[in-house]
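Visitor: Just so it is clear, I am handing over model_10.cif, which has mmCIF, C-alpha atoms; chains and numbers go by the auth columns.
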```
data_model
#
loop_
_atom_site.group_PDB
_atom_site.id
_atom_site.type_symbol
_atom_site.label_atom_id
_atom_site.label_comp_id
_atom_site.label_asym_id
_atom_site.label_seq_id
_atom_site.Cartn_x
_atom_site.Cartn_y
_atom_site.Cartn_z
_atom_site.B_iso_or_equiv
_atom_site.auth_seq_id
_atom_site.auth_asym_id
ATOM 1 C CA MET A 1 -114.500 5.186 7.271 0.00 29 A
ATOM 2 C CA MET A 2 -117.406 7.207 8.640 0.00 30 A
ATOM 3 C CA GLU A 3 -117.095 10.966 8.896 0.00 31 A
ATOM 4 C CA THR A 4 -117.225 12.544 12.325 0.00 32 A
ATOM 5 C CA GLU A 5 -119.879 15.119 13.207 0.00 33 A
ATOM 6 C CA SER A 6 -117.312 17.923 12.917 0.00 34 A
ATOM 7 C CA GLU A 7 -116.212 16.673 9.483 0.00 35 A
ATOM 8 C CA LEU A 8 -119.816 16.483 8.316 0.00 36 A
ATOM 9 C CA ALA A 9 -120.458 20.000 9.595 0.00 37 A
ATOM 10 C CA MET A 10 -117.389 21.292 7.782 0.00 38 A
ATOM 11 C CA THR A 11 -118.480 19.572 4.559 0.00 39 A
ATOM 12 C CA SER A 12 -121.934 21.119 4.904 0.00 40 A
ATOM 13 C CA ALA A 13 -120.452 24.570 5.524 0.00 41 A
ATOM 14 C CA ALA A 14 -118.154 24.264 2.498 0.00 42 A
ATOM 15 C CA ASP A 15 -121.062 23.207 0.266 0.00 43 A
ATOM 16 C CA ALA A 16 -123.144 26.132 1.521 0.00 44 A
ATOM 17 C CA CYS A 17 -120.271 28.546 0.837 0.00 45 A
ATOM 18 C CA ALA A 18 -119.768 27.088 -2.646 0.00 46 A
ATOM 19 C CA GLU A 19 -123.445 27.511 -3.468 0.00 47 A
ATOM 20 C CA ARG A 20 -123.461 31.113 -2.217 0.00 48 A
ATOM 21 C CA LEU A 21 -120.276 32.024 -4.102 0.00 49 A
ATOM 22 C CA ARG A 22 -121.500 30.305 -7.261 0.00 50 A
ATOM 23 C CA GLU A 23 -124.694 32.374 -7.169 0.00 51 A
ATOM 24 C CA GLU A 24 -122.690 35.559 -6.612 0.00 52 A
ATOM 25 C CA ILE A 25 -120.350 34.791 -9.507 0.00 53 A
ATOM 26 C CA VAL A 26 -123.290 34.232 -11.859 0.00 54 A
ATOM 27 C CA ALA A 27 -124.905 37.453 -10.575 0.00 55 A
ATOM 28 C CA GLY A 28 -121.733 39.390 -11.418 0.00 56 A
ATOM 29 C CA VAL A 29 -120.642 40.238 -7.879 0.00 57 A
ATOM 30 C CA TYR A 30 -117.057 39.338 -8.780 0.00 58 A
ATOM 31 C CA ALA A 31 -116.931 41.019 -12.168 0.00 59 A
ATOM 32 C CA GLY A 32 -113.844 41.053 -14.360 0.00 60 A
ATOM 33 C CA ALA A 33 -110.565 40.059 -12.773 0.00 61 A
ATOM 34 C CA ARG A 34 -111.583 40.947 -9.226 0.00 62 A
ATOM 35 C CA SER A 35 -109.905 38.474 -6.922 0.00 63 A
ATOM 36 C CA PHE A 36 -111.309 36.450 -4.085 0.00 64 A
ATOM 37 C CA VAL A 37 -109.721 37.488 -0.811 0.00 65 A
ATOM 38 C CA ILE A 38 -110.327 34.543 1.508 0.00 66 A
ATOM 39 C CA ASP A 39 -110.287 36.676 4.668 0.00 67 A
ATOM 40 C CA LYS A 40 -112.872 39.098 3.308 0.00 68 A
ATOM 41 C CA VAL A 41 -115.128 36.377 1.903 0.00 69 A
ATOM 42 C CA ALA A 42 -115.021 34.427 5.179 0.00 70 A
ATOM 43 C CA ALA A 43 -115.842 37.555 7.197 0.00 71 A
ATOM 44 C CA ARG A 44 -118.739 38.465 4.917 0.00 72 A
ATOM 45 C CA LEU A 45 -120.208 34.975 5.052 0.00 73 A
ATOM 46 C CA GLY A 46 -119.612 34.684 8.782 0.00 74 A
ATOM 47 C CA VAL A 47 -117.593 31.468 8.596 0.00 75 A
ATOM 48 C CA SER A 48 -113.998 30.400 9.184 0.00 76 A
ATOM 49 C CA HIS A 49 -111.378 30.302 6.439 0.00 77 A
ATOM 50 C CA THR A 50 -111.519 26.501 6.085 0.00 78 A
ATOM 51 C CA PRO A 51 -114.977 26.097 4.455 0.00 79 A
ATOM 52 C CA VAL A 52 -114.258 29.062 2.162 0.00 80 A
ATOM 53 C CA ARG A 53 -110.994 27.450 0.993 0.00 81 A
ATOM 54 C CA GLU A 54 -112.856 24.162 0.395 0.00 82 A
ATOM 55 C CA ALA A 55 -115.565 26.041 -1.510 0.00 83 A
ATOM 56 C CA VAL A 56 -112.943 27.761 -3.670 0.00 84 A
ATOM 57 C CA ARG A 57 -111.363 24.374 -4.503 0.00 85 A
ATOM 58 C CA LYS A 58 -114.789 23.055 -5.499 0.00 86 A
ATOM 59 C CA LEU A 59 -115.500 26.054 -7.723 0.00 87 A
ATOM 60 C CA GLU A 60 -112.029 25.772 -9.291 0.00 88 A
ATOM 61 C CA ALA A 61 -112.857 22.148 -10.203 0.00 89 A
ATOM 62 C CA GLU A 62 -116.180 23.298 -11.689 0.00 90 A
ATOM 63 C CA GLY A 63 -114.409 25.908 -13.808 0.00 91 A
ATOM 64 C CA PHE A 64 -115.819 29.005 -12.107 0.00 92 A
ATOM 65 C CA LEU A 65 -112.524 30.120 -10.558 0.00 93 A
ATOM 66 C CA ASP A 66 -108.836 30.081 -11.448 0.00 94 A
ATOM 67 C CA TYR A 67 -105.738 30.539 -9.324 0.00 95 A
ATOM 68 C CA HIS A 68 -103.028 32.792 -10.746 0.00 96 A
ATOM 69 C CA ARG A 69 -99.719 33.330 -8.995 0.00 97 A
ATOM 70 C CA GLY A 70 -99.471 36.984 -8.002 0.00 98 A
ATOM 71 C CA LYS A 71 -103.183 37.602 -8.540 0.00 99 A
ATOM 72 C CA GLY A 72 -104.764 35.041 -6.265 0.00 100 A
ATOM 73 C CA VAL A 73 -108.136 33.476 -7.050 0.00 101 A
ATOM 74 C CA VAL A 74 -110.091 35.149 -9.859 0.00 102 A
ATOM 75 C CA VAL A 75 -113.312 34.507 -11.747 0.00 103 A
ATOM 76 C CA ARG A 76 -112.573 32.453 -14.831 0.00 104 A
ATOM 77 C CA ALA A 77 -113.505 34.245 -18.043 0.00 105 A
ATOM 78 C CA VAL A 78 -116.079 32.618 -20.328 0.00 106 A
ATOM 79 C CA THR A 79 -115.398 32.783 -24.051 0.00 107 A
ATOM 80 C CA ARG A 80 -117.205 31.575 -27.160 0.00 108 A
ATOM 81 C CA ASP A 81 -114.093 29.745 -28.377 0.00 109 A
ATOM 82 C CA GLU A 82 -113.770 27.737 -25.159 0.00 110 A
ATOM 83 C CA PHE A 83 -117.453 26.823 -25.247 0.00 111 A
ATOM 84 C CA GLU A 84 -117.244 25.596 -28.848 0.00 112 A
ATOM 85 C CA GLU A 85 -114.191 23.509 -27.995 0.00 113 A
ATOM 86 C CA LEU A 86 -115.954 21.911 -25.016 0.00 114 A
ATOM 87 C CA VAL A 87 -119.009 21.118 -27.146 0.00 115 A
ATOM 88 C CA GLU A 88 -116.815 19.432 -29.754 0.00 116 A
ATOM 89 C CA ILE A 89 -115.100 17.398 -27.035 0.00 117 A
ATOM 90 C CA ARG A 90 -118.473 16.357 -25.677 0.00 118 A
ATOM 91 C CA LYS A 91 -119.744 15.292 -29.099 0.00 119 A
ATOM 92 C CA ALA A 92 -116.563 13.292 -29.682 0.00 120 A
ATOM 93 C CA ILE A 93 -116.253 11.338 -26.435 0.00 121 A
ATOM 94 C CA GLU A 94 -119.786 10.725 -25.141 0.00 122 A
ATOM 95 C CA PRO A 95 -120.838 8.636 -28.165 0.00 123 A
ATOM 96 C CA ILE A 96 -117.886 6.372 -27.350 0.00 124 A
ATOM 97 C CA ALA A 97 -119.485 5.607 -23.985 0.00 125 A
ATOM 98 C CA LEU A 98 -122.928 5.214 -25.566 0.00 126 A
ATOM 99 C CA ARG A 99 -121.715 2.727 -28.171 0.00 127 A
ATOM 100 C CA ALA A 100 -119.963 0.664 -25.502 0.00 128 A
ATOM 101 C CA ALA A 101 -122.803 0.848 -22.963 0.00 129 A
ATOM 102 C CA LEU A 102 -125.897 -0.069 -24.955 0.00 130 A
ATOM 103 C CA PRO A 103 -124.926 -3.654 -25.901 0.00 131 A
ATOM 104 C CA ARG A 104 -124.401 -4.321 -22.175 0.00 132 A
ATOM 105 C CA PHE A 105 -127.820 -3.121 -21.055 0.00 133 A
ATOM 106 C CA ASP A 106 -129.815 -5.649 -19.049 0.00 134 A
ATOM 107 C CA GLU A 107 -133.086 -5.342 -17.095 0.00 135 A
ATOM 108 C CA ARG A 108 -131.300 -4.096 -13.981 0.00 136 A
ATOM 109 C CA ARG A 109 -129.517 -1.359 -15.914 0.00 137 A
ATOM 110 C CA ALA A 110 -132.702 -0.433 -17.807 0.00 138 A
ATOM 111 C CA ALA A 111 -134.603 -0.106 -14.529 0.00 139 A
ATOM 112 C CA ALA A 112 -131.872 2.119 -13.074 0.00 140 A
ATOM 113 C CA VAL A 113 -131.967 4.352 -16.165 0.00 141 A
ATOM 114 C CA ARG A 114 -135.763 4.665 -16.015 0.00 142 A
ATOM 115 C CA ASP A 115 -135.530 5.569 -12.329 0.00 143 A
ATOM 116 C CA SER A 116 -132.858 8.212 -13.021 0.00 144 A
ATOM 117 C CA PHE A 117 -135.001 9.680 -15.801 0.00 145 A
ATOM 118 C CA ALA A 118 -138.015 9.890 -13.460 0.00 146 A
ATOM 119 C CA GLN A 119 -135.902 11.604 -10.782 0.00 147 A
ATOM 120 C CA TRP A 120 -134.620 14.115 -13.329 0.00 148 A
ATOM 121 C CA THR A 121 -138.093 15.024 -14.644 0.00 149 A
ATOM 122 C CA ALA A 122 -139.264 15.563 -11.041 0.00 150 A
ATOM 123 C CA THR A 123 -136.644 18.218 -10.271 0.00 151 A
ATOM 124 C CA ALA A 124 -137.742 21.829 -9.883 0.00 152 A
ATOM 125 C CA SER A 125 -134.707 24.111 -9.838 0.00 153 A
ATOM 126 C CA ALA A 126 -132.278 24.565 -12.723 0.00 154 A
ATOM 127 C CA ARG A 127 -129.321 23.534 -10.561 0.00 155 A
ATOM 128 C CA ASP A 128 -131.063 20.360 -9.289 0.00 156 A
ATOM 129 C CA SER A 129 -132.111 19.556 -12.840 0.00 157 A
ATOM 130 C CA MET A 130 -128.535 19.859 -14.075 0.00 158 A
ATOM 131 C CA ASP A 131 -127.251 17.559 -11.323 0.00 159 A
ATOM 132 C CA ALA A 132 -130.027 15.011 -11.922 0.00 160 A
ATOM 133 C CA HIS A 133 -129.409 15.055 -15.670 0.00 161 A
ATOM 134 C CA ARG A 134 -125.731 14.368 -15.082 0.00 162 A
ATOM 135 C CA ARG A 135 -126.686 11.381 -12.893 0.00 163 A
ATOM 136 C CA LEU A 136 -128.990 10.104 -15.645 0.00 164 A
ATOM 137 C CA LEU A 137 -126.162 10.116 -18.193 0.00 165 A
ATOM 138 C CA GLN A 138 -123.767 8.608 -15.657 0.00 166 A
ATOM 139 C CA THR A 139 -126.218 5.736 -15.157 0.00 167 A
ATOM 140 C CA ILE A 140 -126.326 5.119 -18.908 0.00 168 A
ATOM 141 C CA TYR A 141 -122.577 5.384 -19.471 0.00 169 A
ATOM 142 C CA ALA A 142 -121.660 3.249 -16.437 0.00 170 A
ATOM 143 C CA ALA A 143 -122.705 0.137 -18.358 0.00 171 A
ATOM 144 C CA SER A 144 -119.804 0.718 -20.772 0.00 172 A
ATOM 145 C CA GLY A 145 -117.203 -0.123 -18.139 0.00 173 A
ATOM 146 C CA HIS A 146 -114.939 2.511 -19.746 0.00 174 A
ATOM 147 C CA VAL A 147 -113.686 4.152 -16.566 0.00 175 A
ATOM 148 C CA ARG A 148 -111.202 6.557 -18.177 0.00 176 A
ATOM 149 C CA THR A 149 -113.678 7.647 -20.837 0.00 177 A
ATOM 150 C CA ILE A 150 -116.261 8.391 -18.145 0.00 178 A
ATOM 151 C CA GLU A 151 -113.675 10.334 -16.130 0.00 179 A
ATOM 152 C CA ALA A 152 -112.913 12.458 -19.213 0.00 180 A
ATOM 153 C CA ILE A 153 -116.633 13.005 -19.816 0.00 181 A
ATOM 154 C CA GLU A 154 -117.219 14.116 -16.230 0.00 182 A
ATOM 155 C CA LYS A 155 -114.268 16.513 -16.334 0.00 183 A
ATOM 156 C CA ASN A 156 -115.660 18.057 -19.512 0.00 184 A
ATOM 157 C CA TRP A 157 -119.109 18.340 -17.897 0.00 185 A
ATOM 158 C CA ARG A 158 -117.688 20.368 -15.012 0.00 186 A
ATOM 159 C CA LEU A 159 -116.284 22.888 -17.475 0.00 187 A
ATOM 160 C CA ILE A 160 -119.173 23.074 -19.917 0.00 188 A
ATOM 161 C CA ASN A 161 -121.833 23.236 -17.190 0.00 189 A
ATOM 162 C CA ARG A 162 -120.382 26.584 -16.143 0.00 190 A
ATOM 163 C CA PHE A 163 -121.642 28.041 -19.410 0.00 191 A
ATOM 164 C CA HIS A 164 -125.098 26.570 -18.903 0.00 192 A
ATOM 165 C CA VAL A 165 -125.295 27.989 -15.377 0.00 193 A
ATOM 166 C CA PHE A 166 -124.311 31.434 -16.682 0.00 194 A
ATOM 167 C CA PHE A 167 -126.367 31.565 -19.858 0.00 195 A
ATOM 168 C CA TRP A 168 -129.138 28.967 -19.922 0.00 196 A
ATOM 169 C CA ARG A 169 -132.382 30.337 -18.478 0.00 197 A
ATOM 170 C CA VAL A 170 -135.024 27.590 -18.366 0.00 198 A
ATOM 171 C CA ASP A 171 -138.694 28.360 -18.987 0.00 199 A
ATOM 172 C CA ALA A 172 -141.681 26.042 -19.500 0.00 200 A
ATOM 173 C CA SER A 173 -141.197 25.656 -23.253 0.00 201 A
ATOM 174 C CA VAL A 174 -137.480 24.967 -22.870 0.00 202 A
ATOM 175 C CA ARG A 175 -138.166 22.404 -20.158 0.00 203 A
ATOM 176 C CA ALA A 176 -140.781 20.645 -22.290 0.00 204 A
ATOM 177 C CA LYS A 177 -138.400 20.280 -25.223 0.00 205 A
ATOM 178 C CA GLU A 178 -135.579 19.182 -22.911 0.00 206 A
ATOM 179 C CA ILE A 179 -137.783 16.373 -21.566 0.00 207 A
ATOM 180 C CA ARG A 180 -138.840 15.367 -25.085 0.00 208 A
ATOM 181 C CA LEU A 181 -135.265 15.185 -26.391 0.00 209 A
ATOM 182 C CA ASN A 182 -134.029 13.262 -23.360 0.00 210 A
ATOM 183 C CA GLY A 183 -137.021 10.940 -23.645 0.00 211 A
ATOM 184 C CA ALA A 184 -136.043 10.184 -27.244 0.00 212 A
ATOM 185 C CA LEU A 185 -132.482 9.415 -26.111 0.00 213 A
ATOM 186 C CA LEU A 186 -133.802 7.178 -23.325 0.00 214 A
ATOM 187 C CA ASP A 187 -136.083 5.261 -25.725 0.00 215 A
ATOM 188 C CA ARG A 188 -133.195 4.565 -28.135 0.00 216 A
ATOM 189 C CA CYS A 189 -130.969 3.449 -25.256 0.00 217 A
ATOM 190 C CA LEU A 190 -133.589 1.055 -23.878 0.00 218 A
ATOM 191 C CA ALA A 191 -134.102 -0.336 -27.373 0.00 219 A
ATOM 192 C CA ALA A 192 -130.315 -0.871 -27.657 0.00 220 A
ATOM 193 C CA ASP A 193 -130.445 1.192 -30.851 0.00 221 A
ATOM 194 C CA VAL A 194 -126.877 2.498 -30.953 0.00 222 A
ATOM 195 C CA THR A 195 -127.245 4.520 -34.153 0.00 223 A
ATOM 196 C CA GLY A 196 -130.511 6.069 -32.974 0.00 224 A
ATOM 197 C CA ALA A 197 -129.123 6.815 -29.513 0.00 225 A
ATOM 198 C CA VAL A 198 -126.068 8.602 -30.910 0.00 226 A
ATOM 199 C CA ALA A 199 -128.290 10.636 -33.248 0.00 227 A
ATOM 200 C CA ALA A 200 -130.597 11.540 -30.340 0.00 228 A
ATOM 201 C CA PHE A 201 -127.591 12.521 -28.223 0.00 229 A
ATOM 202 C CA HIS A 202 -126.287 14.853 -30.954 0.00 230 A
ATOM 203 C CA GLU A 203 -129.718 16.458 -31.381 0.00 231 A
ATOM 204 C CA LEU A 204 -129.958 17.048 -27.617 0.00 232 A
ATOM 205 C CA THR A 205 -126.412 18.412 -27.384 0.00 233 A
ATOM 206 C CA ASP A 206 -126.787 20.740 -30.381 0.00 234 A
ATOM 207 C CA TRP A 207 -130.077 22.089 -29.033 0.00 235 A
ATOM 208 C CA GLY A 208 -128.597 22.819 -25.596 0.00 236 A
ATOM 209 C CA ALA A 209 -125.504 24.406 -27.125 0.00 237 A
ATOM 210 C CA ASP A 210 -127.658 26.663 -29.312 0.00 238 A
ATOM 211 C CA LEU A 211 -129.396 28.017 -26.204 0.00 239 A
ATOM 212 C CA VAL A 212 -126.026 29.048 -24.810 0.00 240 A
ATOM 213 C CA ARG A 213 -124.830 30.429 -28.167 0.00 241 A
ATOM 214 C CA GLU A 214 -127.843 32.742 -28.343 0.00 242 A
ATOM 215 C CA ARG A 215 -126.715 34.383 -25.112 0.00 243 A
ATOM 216 C CA LEU A 216 -123.031 34.442 -25.997 0.00 244 A
ATOM 217 C CA LYS A 217 -123.637 36.659 -29.032 0.00 245 A
#
```
Show me the file's structure as structure tokens.

Guide:
Amino acid sequence: MMETESELAMTSAADACAERLREEIVAGVYAGARSFVIDKVAARLGVSHTPVREAVRKLEAEGFLDYHRGKGVVVRAVTRDEFEELVEIRKAIEPIALRAALPRFDERRAAAVRDSFAQWTATASARDSMDAHRRLLQTIYAASGHVRTIEAIEKNWRLINRFHVFFWRVDASVRAKEIRLNGALLDRCLAADVTGAVAAFHELTDWGADLVRERLK
């Protein structure tokens, strides 16, 4: 079913609100346990309550916000322990998808992965890069056919990406190494080298986690 113009406008407004609120959260505008008051946020942004509520739901799903009865919506705290747990989950479940996906690679899948890699390397902003990198991994893992595993991976991404948005500041040297490590993972995937791909994935994941750990100290 196609969306109406009003529905599309509302979706666009909610996305714009989510992006603005996400930037404000990262900048520390809502420090500590300060709650989001929908009326005040809507008035400040100059929009109705509906797109703000949709934006809050989106940011709850991404792990930026939590709803607590009696307190309302608050910024979700980031802790070292939670980050380490999410990294361990990632290192446990994503190799499952890799091992299942690589034996099923064909020319069509390989071409799609190469295209996703090219789109990722062409991104400019950190946020666009993160989204494009997620699509690259989704393209690889989709070949596994493990729907529930991929759902679990994507849920974990939403939570762990919050830490990267908060703490990972990308410069030219970081970007160069990120491309090199992802290129190594891509090469092993296209060669259907399961052992090499899993090793490359762990190297990439550990490197990215170390960047966050440096800023969590």

Visitor: Can you list, as a JSON list (two decimals) with C-alpha atoms, keeping the file's coordinate frame, the residues that the PyMOL selection byres ((chain A and resi 216-225) around 10) selects here?

Guide:
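Result file is selection20.json:
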```json
[["chain", "number", "residue", "atom", "x", "y", "z"],
["A", 123, "PRO", "CA", -120.84, 8.64, -28.16],
["A", 126, "LEU", "CA", -122.93, 5.21, -25.57],
["A", 127, "ARG", "CA", -121.72, 2.73, -28.17],
["A", 128, "ALA", "CA", -119.96, 0.66, -25.50],
["A", 129, "ALA", "CA", -122.80, 0.85, -22.96],
["A", 130, "LEU", "CA", -125.90, -0.07, -24.96],
["A", 131, "PRO", "CA", -124.93, -3.65, -25.90],
["A", 132, "ARG", "CA", -124.40, -4.32, -22.18],
["A", 133, "PHE", "CA", -127.82, -3.12, -21.06],
["A", 134, "ASP", "CA", -129.82, -5.65, -19.05],
["A", 135, "GLU", "CA", -133.09, -5.34, -17.10],
["A", 137, "ARG", "CA", -129.52, -1.36, -15.91],
["A", 138, "ALA", "CA", -132.70, -0.43, -17.81],
["A", 139, "ALA", "CA", -134.60, -0.11, -14.53],
["A", 141, "VAL", "CA", -131.97, 4.35, -16.16],
["A", 142, "ARG", "CA", -135.76, 4.66, -16.02],
["A", 168, "ILE", "CA", -126.33, 5.12, -18.91],
["A", 210, "ASN", "CA", -134.03, 13.26, -23.36],
["A", 211, "GLY", "CA", -137.02, 10.94, -23.64],
["A", 212, "ALA", "CA", -136.04, 10.18, -27.24],
["A", 213, "LEU", "CA", -132.48, 9.41, -26.11],
["A", 214, "LEU", "CA", -133.80, 7.18, -23.32],
["A", 215, "ASP", "CA", -136.08, 5.26, -25.72],
["A", 226, "VAL", "CA", -126.07, 8.60, -30.91],
["A", 227, "ALA", "CA", -128.29, 10.64, -33.25],
["A", 228, "ALA", "CA", -130.60, 11.54, -30.34],
["A", 229, "PHE", "CA", -127.59, 12.52, -28.22],
["A", 230, "HIS", "CA", -126.29, 14.85, -30.95],
["A", 231, "GLU", "CA", -129.72, 16.46, -31.38]]
```

Visitor: In terms of the shortest atom-to-atom distance over only C-alpha atoms, which of A:Ala146, A:Leu244, A:Leu73, A:Ala125 is closest to A:Thr107?

Guide: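 Selected residue with least distance to A:Thr107: A:Leu244.
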
Visitor: From the list A:Val69, A:Val84, A:Ala152, A:Ala105, which residue is nearest A:Arg50 when using all atoms listed in the file?

Guide: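 For A:Arg50, the nearest of the candidates is A:Val84.
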
Visitor: Return as a list in words the set of residues that the PyMOL selection byres ((chain A and resi 243) around 12) yields on the displayed structure.

Guide: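 Expected selection for the PyMOL selection byres ((chain A and resi 243) around 12) here is Val106, Thr107, Arg108, Phe111, Phe191, His192, Val193, Phe194, Phe195, Trp196, Arg197, Gly236, Ala237, Asp238, Leu239, Val240, Arg241, Glu242, Leu244 and Lys245 of chain A.
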
Visitor: Atom CA of A:Tyr95 to atom CA of A:Glu82: how many Å, to one decimal?

Guide: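 About the pair atom CA of A:Tyr95 and atom CA of A:Glu82: they are 13.6 Å apart.
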
Visitor: If the PyMOL selection byres ((chain A and resi 113-121) around 7) is run on the structure shown, which residues does it catch, given as a list in words?

Guide: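 After applying the PyMOL selection byres ((chain A and resi 113-121) around 7), what remains is Asp109, Glu110, Phe111, Glu112, Glu122, Pro123, Ile124, Ile181, Asn184, Ile188 and His230 of chain A.
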
Visitor: As a ChimeraX atom specification, please: the residues near A:Arg163 (cut-off 12 Å, all atoms listed in the file, same-chain neighbours under 4 positions excluded).

Guide: /A:140-148,156-159,167-170,182,185

Visitor: With all atoms listed in the file as the atoms that count, which of A:Asp199, A:Glu47, A:Asp67, A:Asp234 lies nearest to A:Lys86?

Guide: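 Smallest separation from A:Lys86 among the options: A:Glu47.
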
Visitor: Write out as a PDB file with C-alpha atoms, in the frame of the given file the residues lying within 7 Å of A:Glu90, counting all atoms listed in the file and excluding same-chain residues fewer than 4 positions away.

Guide:
```
ATOM      1  CA  LYS A  86    -114.789  23.055  -5.499  1.00  0.00           C
ATOM      2  CA  ARG A 186    -117.688  20.368 -15.012  1.00  0.00           C
ATOM      3  CA  LEU A 187    -116.284  22.888 -17.475  1.00  0.00           C
ATOM      4  CA  ARG A 190    -120.382  26.584 -16.143  1.00  0.00           C
TER       5      ARG A 190
END
```
